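A.B. asks: The structure follows.
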Amino acid sequence: MESIRLIYPICPSRHSSFLLSHQSPFLCEPSLSLKLRKQFPLTSQNVLEAASPLRPSATLSSDPYSETIELADIEWDNLGFGLQPTDYMYIMKCTRGGTFSKGELQRFGNIELNPSAGVLNYGQGLFEGLKAYRKQDGSILLFRPEENGLRMQIGAERMCMPSPTMEQFVEAVKDTVLANKRWVPPAGKGSLYIRPLLMGSGPVLGVAPAPEYTFLIYVSPVGNYFKEGLAPINLIVENEFHRATPGGTGGVKTIGNYAAVLKAQSEAKAKGYSDVLYLDCVHKRYLEEVSSCNIFVVKGNIISTPAIKGTILPGITRKSIIDVARSEGFQVEERLVSVDELLDADEVFCTGTAVVVSPVGSITYLGKRVTYGDGIGVVAQQLYTVLTRLQMGLTEDEMNWTVELR
């Protein structure tokens, strides 16, 4: 397979800061270059030990006013939503009651944990998810990373863990993306999914907060989350299992929330459904969320979504879509939404970092199947287009949501 080379104009003043070797990712930040020089001396031995078996990925053209980026040699047109090992991960540690400091980039690979680690024994862990997109000019955009940093801080407080500061979180994300720059898909081919983790990594036997914590970030290029892509998905309403309870941890992105949905989700997929929509556990009639997505119901010019009240994750894409919808002239209501309203809706769609916006083609509830048109709903298509064009840098970011990397 041929490698892909992209040539973009660059500022000559930045040319001298590039760290290049035939086995390392293409880096353009002086501070990051220094970190990697210290940790990974540019020797021929490193070529043999590189995490990825793929061919070299970065060169400079002879023209000092242009940059040639050779992307990783994978099939960019066939990206799914699965793990593709990349080059580097970011790790930072701290003790209980302490603060995070001295994070570093390491080659992507396995990590070592004590069998008594808090995350393994008691599920003391959180994760986040965000994306980086490559623009047509070769620069890279992050979407609202500070929102993920804030949500991790809120979740960490609930799970009795220290958390990185907002600045540490955002800078760690930037460093990790730049270190794996060759894995950011070409414009329009997908995105680089960024997965920050925070976990109790220290050993603990009794039920108690761990004595040590690890903050880690890894990345992977991805395509569509659902195999249907932007085509409508088919959901089944779950009325036996519940995702979260009042007073629990449903409102934070703790790892246990996702293990709890696997049984119902697996059973639904075995029957041909795309995913499961959960109801509240008290009345069993109000919508909560899909396994990893927020839900929206459209009726006329009104878009309704369940209010955030502790059992529903405050999605960043959810928050963004609400703002976009209002800017587009829709009335958005955050409130209790009954399953009866769902079945009577003109249109239904889901939102999330992984899916962005996913139209719902049908809902099955207590054996009754309701369909919503023949294809992608007009509202879902409109909001998807506005948001993704902003995320990819195709329109002016009047919301000030994106962070540009070069």
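Convention: chains lettered A, B, ... in structure tokens order; per-chain residue numbering from 1; ligands numbered from 1 as shown.
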Skipping near chain neighbours, those fewer than 2 positions away, what residues fall within 6 Å of range 320-337 of chain A using only C-alpha atoms, listed as a list in words?

C.D. replies: Tyr286, Leu287, Asn301, Ile302, Ile303, Ser304, Thr305, Pro306, Ala307, Thr317 and Arg318 of chain A

A.B. asks: For the residues in the current selection, export C-alpha atoms as an mmCIF file, in the first residue's frame.

C.D. replies:
```cif
data_model
loop_
_atom_site.group_PDB
_atom_site.id
_atom_site.type_symbol
_atom_site.label_atom_id
_atom_site.label_comp_id
_atom_site.auth_asym_id
_atom_site.auth_seq_id
_atom_site.Cartn_x
_atom_site.Cartn_y
_atom_site.Cartn_z
ATOM 1 C CA TYR A 286 -39.158 8.672 31.452
ATOM 2 C CA LEU A 287 -36.234 8.576 29.020
ATOM 3 C CA ASN A 301 -39.970 23.166 16.119
ATOM 4 C CA ILE A 302 -39.424 21.866 19.652
ATOM 5 C CA ILE A 303 -36.466 19.649 20.514
ATOM 6 C CA SER A 304 -36.712 17.945 23.922
ATOM 7 C CA THR A 305 -34.025 16.070 25.836
ATOM 8 C CA PRO A 306 -33.970 14.604 29.360
ATOM 9 C CA ALA A 307 -32.751 17.082 31.968
ATOM 10 C CA THR A 317 -21.833 16.941 22.354
ATOM 11 C CA ARG A 318 -25.286 17.153 23.977
#
```

A.B. asks: Closest to Thr95 in chain A among A:Val403, A:Met161, A:Ile74, A:Val348, using only C-alpha atoms?

C.D. replies: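 Smallest distance to Thr95 in chain A is found for A:Met161.
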
A.B. asks: Leaving out Thr165 in chain A and any residue of its chain fewer than 5 positions from it, which residues lie within 12 Å of it when counting only C-alpha atoms, given as a PyMOL selection string?

C.D. replies: chain A and resi 92+99-101+146+148-154+156+170-172+215

A.B. asks: How about saving the chosen residues, N, CA, C and O atoms kept, as a PDB file, in the first residue's frame?

C.D. replies:
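Once everything was written out, this is result10.pdb:
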```
ATOM      1  N   MET A  92       0.924  10.481  33.821  1.00  0.00           N
ATOM      2  CA  MET A  92       1.233  11.385  34.935  1.00  0.00           C
ATOM      3  C   MET A  92       0.681  10.756  36.209  1.00  0.00           C
ATOM      4  O   MET A  92      -0.409  10.186  36.194  1.00  0.00           O
ATOM      5  N   THR A  99      -0.755  16.342  44.363  1.00  0.00           N
ATOM      6  CA  THR A  99      -1.134  16.971  43.098  1.00  0.00           C
ATOM      7  C   THR A  99      -0.344  16.336  41.965  1.00  0.00           C
ATOM      8  O   THR A  99       0.773  15.849  42.159  1.00  0.00           O
ATOM      9  N   PHE A 100      -0.914  16.357  40.783  1.00  0.00           N
ATOM     10  CA  PHE A 100      -0.252  15.796  39.613  1.00  0.00           C
ATOM     11  C   PHE A 100       0.873  16.720  39.146  1.00  0.00           C
ATOM     12  O   PHE A 100       0.740  17.948  39.179  1.00  0.00           O
ATOM     13  N   SER A 101       1.973  16.112  38.697  1.00  0.00           N
ATOM     14  CA  SER A 101       3.077  16.885  38.136  1.00  0.00           C
ATOM     15  C   SER A 101       3.982  15.960  37.341  1.00  0.00           C
ATOM     16  O   SER A 101       3.891  14.735  37.450  1.00  0.00           O
ATOM     17  N   GLU A 146     -11.423  21.736  27.182  1.00  0.00           N
ATOM     18  CA  GLU A 146     -11.576  22.209  28.557  1.00  0.00           C
ATOM     19  C   GLU A 146     -12.856  21.669  29.193  1.00  0.00           C
ATOM     20  O   GLU A 146     -12.926  21.484  30.421  1.00  0.00           O
ATOM     21  N   ASN A 148     -14.013  18.629  28.742  1.00  0.00           N
ATOM     22  CA  ASN A 148     -13.656  17.292  29.210  1.00  0.00           C
ATOM     23  C   ASN A 148     -12.840  17.367  30.495  1.00  0.00           C
ATOM     24  O   ASN A 148     -13.028  16.550  31.416  1.00  0.00           O
ATOM     25  N   GLY A 149     -11.933  18.343  30.559  1.00  0.00           N
ATOM     26  CA  GLY A 149     -11.141  18.519  31.764  1.00  0.00           C
ATOM     27  C   GLY A 149     -12.013  18.845  32.966  1.00  0.00           C
ATOM     28  O   GLY A 149     -11.800  18.319  34.072  1.00  0.00           O
ATOM     29  N   LEU A 150     -13.001  19.707  32.756  1.00  0.00           N
ATOM     30  CA  LEU A 150     -13.917  20.072  33.837  1.00  0.00           C
ATOM     31  C   LEU A 150     -14.751  18.873  34.269  1.00  0.00           C
ATOM     32  O   LEU A 150     -14.939  18.626  35.468  1.00  0.00           O
ATOM     33  N   ARG A 151     -15.251  18.100  33.290  1.00  0.00           N
ATOM     34  CA  ARG A 151     -16.076  16.940  33.636  1.00  0.00           C
ATOM     35  C   ARG A 151     -15.257  15.901  34.396  1.00  0.00           C
ATOM     36  O   ARG A 151     -15.766  15.247  35.304  1.00  0.00           O
ATOM     37  N   MET A 152     -13.978  15.750  34.042  1.00  0.00           N
ATOM     38  CA  MET A 152     -13.127  14.808  34.786  1.00  0.00           C
ATOM     39  C   MET A 152     -12.932  15.279  36.217  1.00  0.00           C
ATOM     40  O   MET A 152     -12.927  14.459  37.153  1.00  0.00           O
ATOM     41  N   GLN A 153     -12.775  16.578  36.424  1.00  0.00           N
ATOM     42  CA  GLN A 153     -12.611  17.089  37.777  1.00  0.00           C
ATOM     43  C   GLN A 153     -13.852  16.811  38.625  1.00  0.00           C
ATOM     44  O   GLN A 153     -13.745  16.413  39.788  1.00  0.00           O
ATOM     45  N   ILE A 154     -15.029  17.002  38.039  1.00  0.00           N
ATOM     46  CA  ILE A 154     -16.283  16.746  38.758  1.00  0.00           C
ATOM     47  C   ILE A 154     -16.409  15.266  39.086  1.00  0.00           C
ATOM     48  O   ILE A 154     -16.778  14.876  40.200  1.00  0.00           O
ATOM     49  N   ALA A 156     -13.954  13.095  39.343  1.00  0.00           N
ATOM     50  CA  ALA A 156     -12.905  12.706  40.290  1.00  0.00           C
ATOM     51  C   ALA A 156     -13.329  13.015  41.723  1.00  0.00           C
ATOM     52  O   ALA A 156     -13.086  12.216  42.645  1.00  0.00           O
ATOM     53  N   VAL A 170      -5.511  19.934  29.442  1.00  0.00           N
ATOM     54  CA  VAL A 170      -5.503  20.414  28.059  1.00  0.00           C
ATOM     55  C   VAL A 170      -4.108  20.282  27.446  1.00  0.00           C
ATOM     56  O   VAL A 170      -3.958  19.860  26.294  1.00  0.00           O
ATOM     57  N   GLU A 171      -3.065  20.636  28.200  1.00  0.00           N
ATOM     58  CA  GLU A 171      -1.709  20.532  27.672  1.00  0.00           C
ATOM     59  C   GLU A 171      -1.326  19.082  27.415  1.00  0.00           C
ATOM     60  O   GLU A 171      -0.629  18.777  26.440  1.00  0.00           O
ATOM     61  N   ALA A 172      -1.763  18.176  28.272  1.00  0.00           N
ATOM     62  CA  ALA A 172      -1.479  16.753  28.067  1.00  0.00           C
ATOM     63  C   ALA A 172      -2.164  16.242  26.799  1.00  0.00           C
ATOM     64  O   ALA A 172      -1.587  15.453  26.036  1.00  0.00           O
ATOM     65  N   PHE A 215      -2.924   9.254  35.704  1.00  0.00           N
ATOM     66  CA  PHE A 215      -3.642   9.916  34.606  1.00  0.00           C
ATOM     67  C   PHE A 215      -2.937   9.499  33.325  1.00  0.00           C
ATOM     68  O   PHE A 215      -1.722   9.636  33.205  1.00  0.00           O
TER      69      PHE A 215
END
```

A.B. asks: Got a sec to tell me which of range 51-170 of chain A DSSP assigns to helix (DSSP H, G or I), as a VMD selection string?

C.D. replies: chain A and resid 76 to 78 118 to 122 145 to 158 166 to 170

A.B. asks: Just to be explicit: take each residue in the selection above, keep C-alpha atoms, and write the result as a short mmCIF file (atom, residue, chain, number, x, y, z; two decimals), in the first residue's frame.

C.D. replies:
```
data_model
loop_
_atom_site.label_atom_id
_atom_site.label_comp_id
_atom_site.auth_asym_id
_atom_site.auth_seq_id
_atom_site.Cartn_x
_atom_site.Cartn_y
_atom_site.Cartn_z
CA TRP A 76 -8.07 5.62 5.80
CA ASP A 77 -11.22 4.96 3.76
CA ASN A 78 -12.11 1.91 5.88
CA GLY A 118 -8.00 0.34 43.40
CA VAL A 119 -9.21 0.44 39.81
CA LEU A 120 -9.06 -3.36 39.48
CA ASN A 121 -10.66 -4.21 42.82
CA TYR A 122 -13.14 -1.43 43.42
CA PRO A 145 -11.05 20.00 25.53
CA GLU A 146 -11.58 22.21 28.56
CA GLU A 147 -15.10 20.80 28.92
CA ASN A 148 -13.66 17.29 29.21
CA GLY A 149 -11.14 18.52 31.76
CA LEU A 150 -13.92 20.07 33.84
CA ARG A 151 -16.08 16.94 33.64
CA MET A 152 -13.13 14.81 34.79
CA GLN A 153 -12.61 17.09 37.78
CA ILE A 154 -16.28 16.75 38.76
CA GLY A 155 -16.15 12.98 38.34
CA ALA A 156 -12.90 12.71 40.29
CA GLU A 157 -14.44 14.50 43.26
CA ARG A 158 -17.37 12.04 43.22
CA MET A 166 -7.56 22.22 33.64
CA GLU A 167 -4.25 23.46 32.22
CA GLN A 168 -2.55 20.11 32.84
CA PHE A 169 -5.40 18.25 31.18
CA VAL A 170 -5.50 20.41 28.06
#
```

A.B. asks: With only C-alpha atoms as the atoms that count, which of A:Cys350, A:Asn400, A:Pro186, A:Gly300 lies nearest to Glu75 in chain A?

C.D. replies: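 Answer, going by the shortest atom-to-atom distance: A:Pro186.
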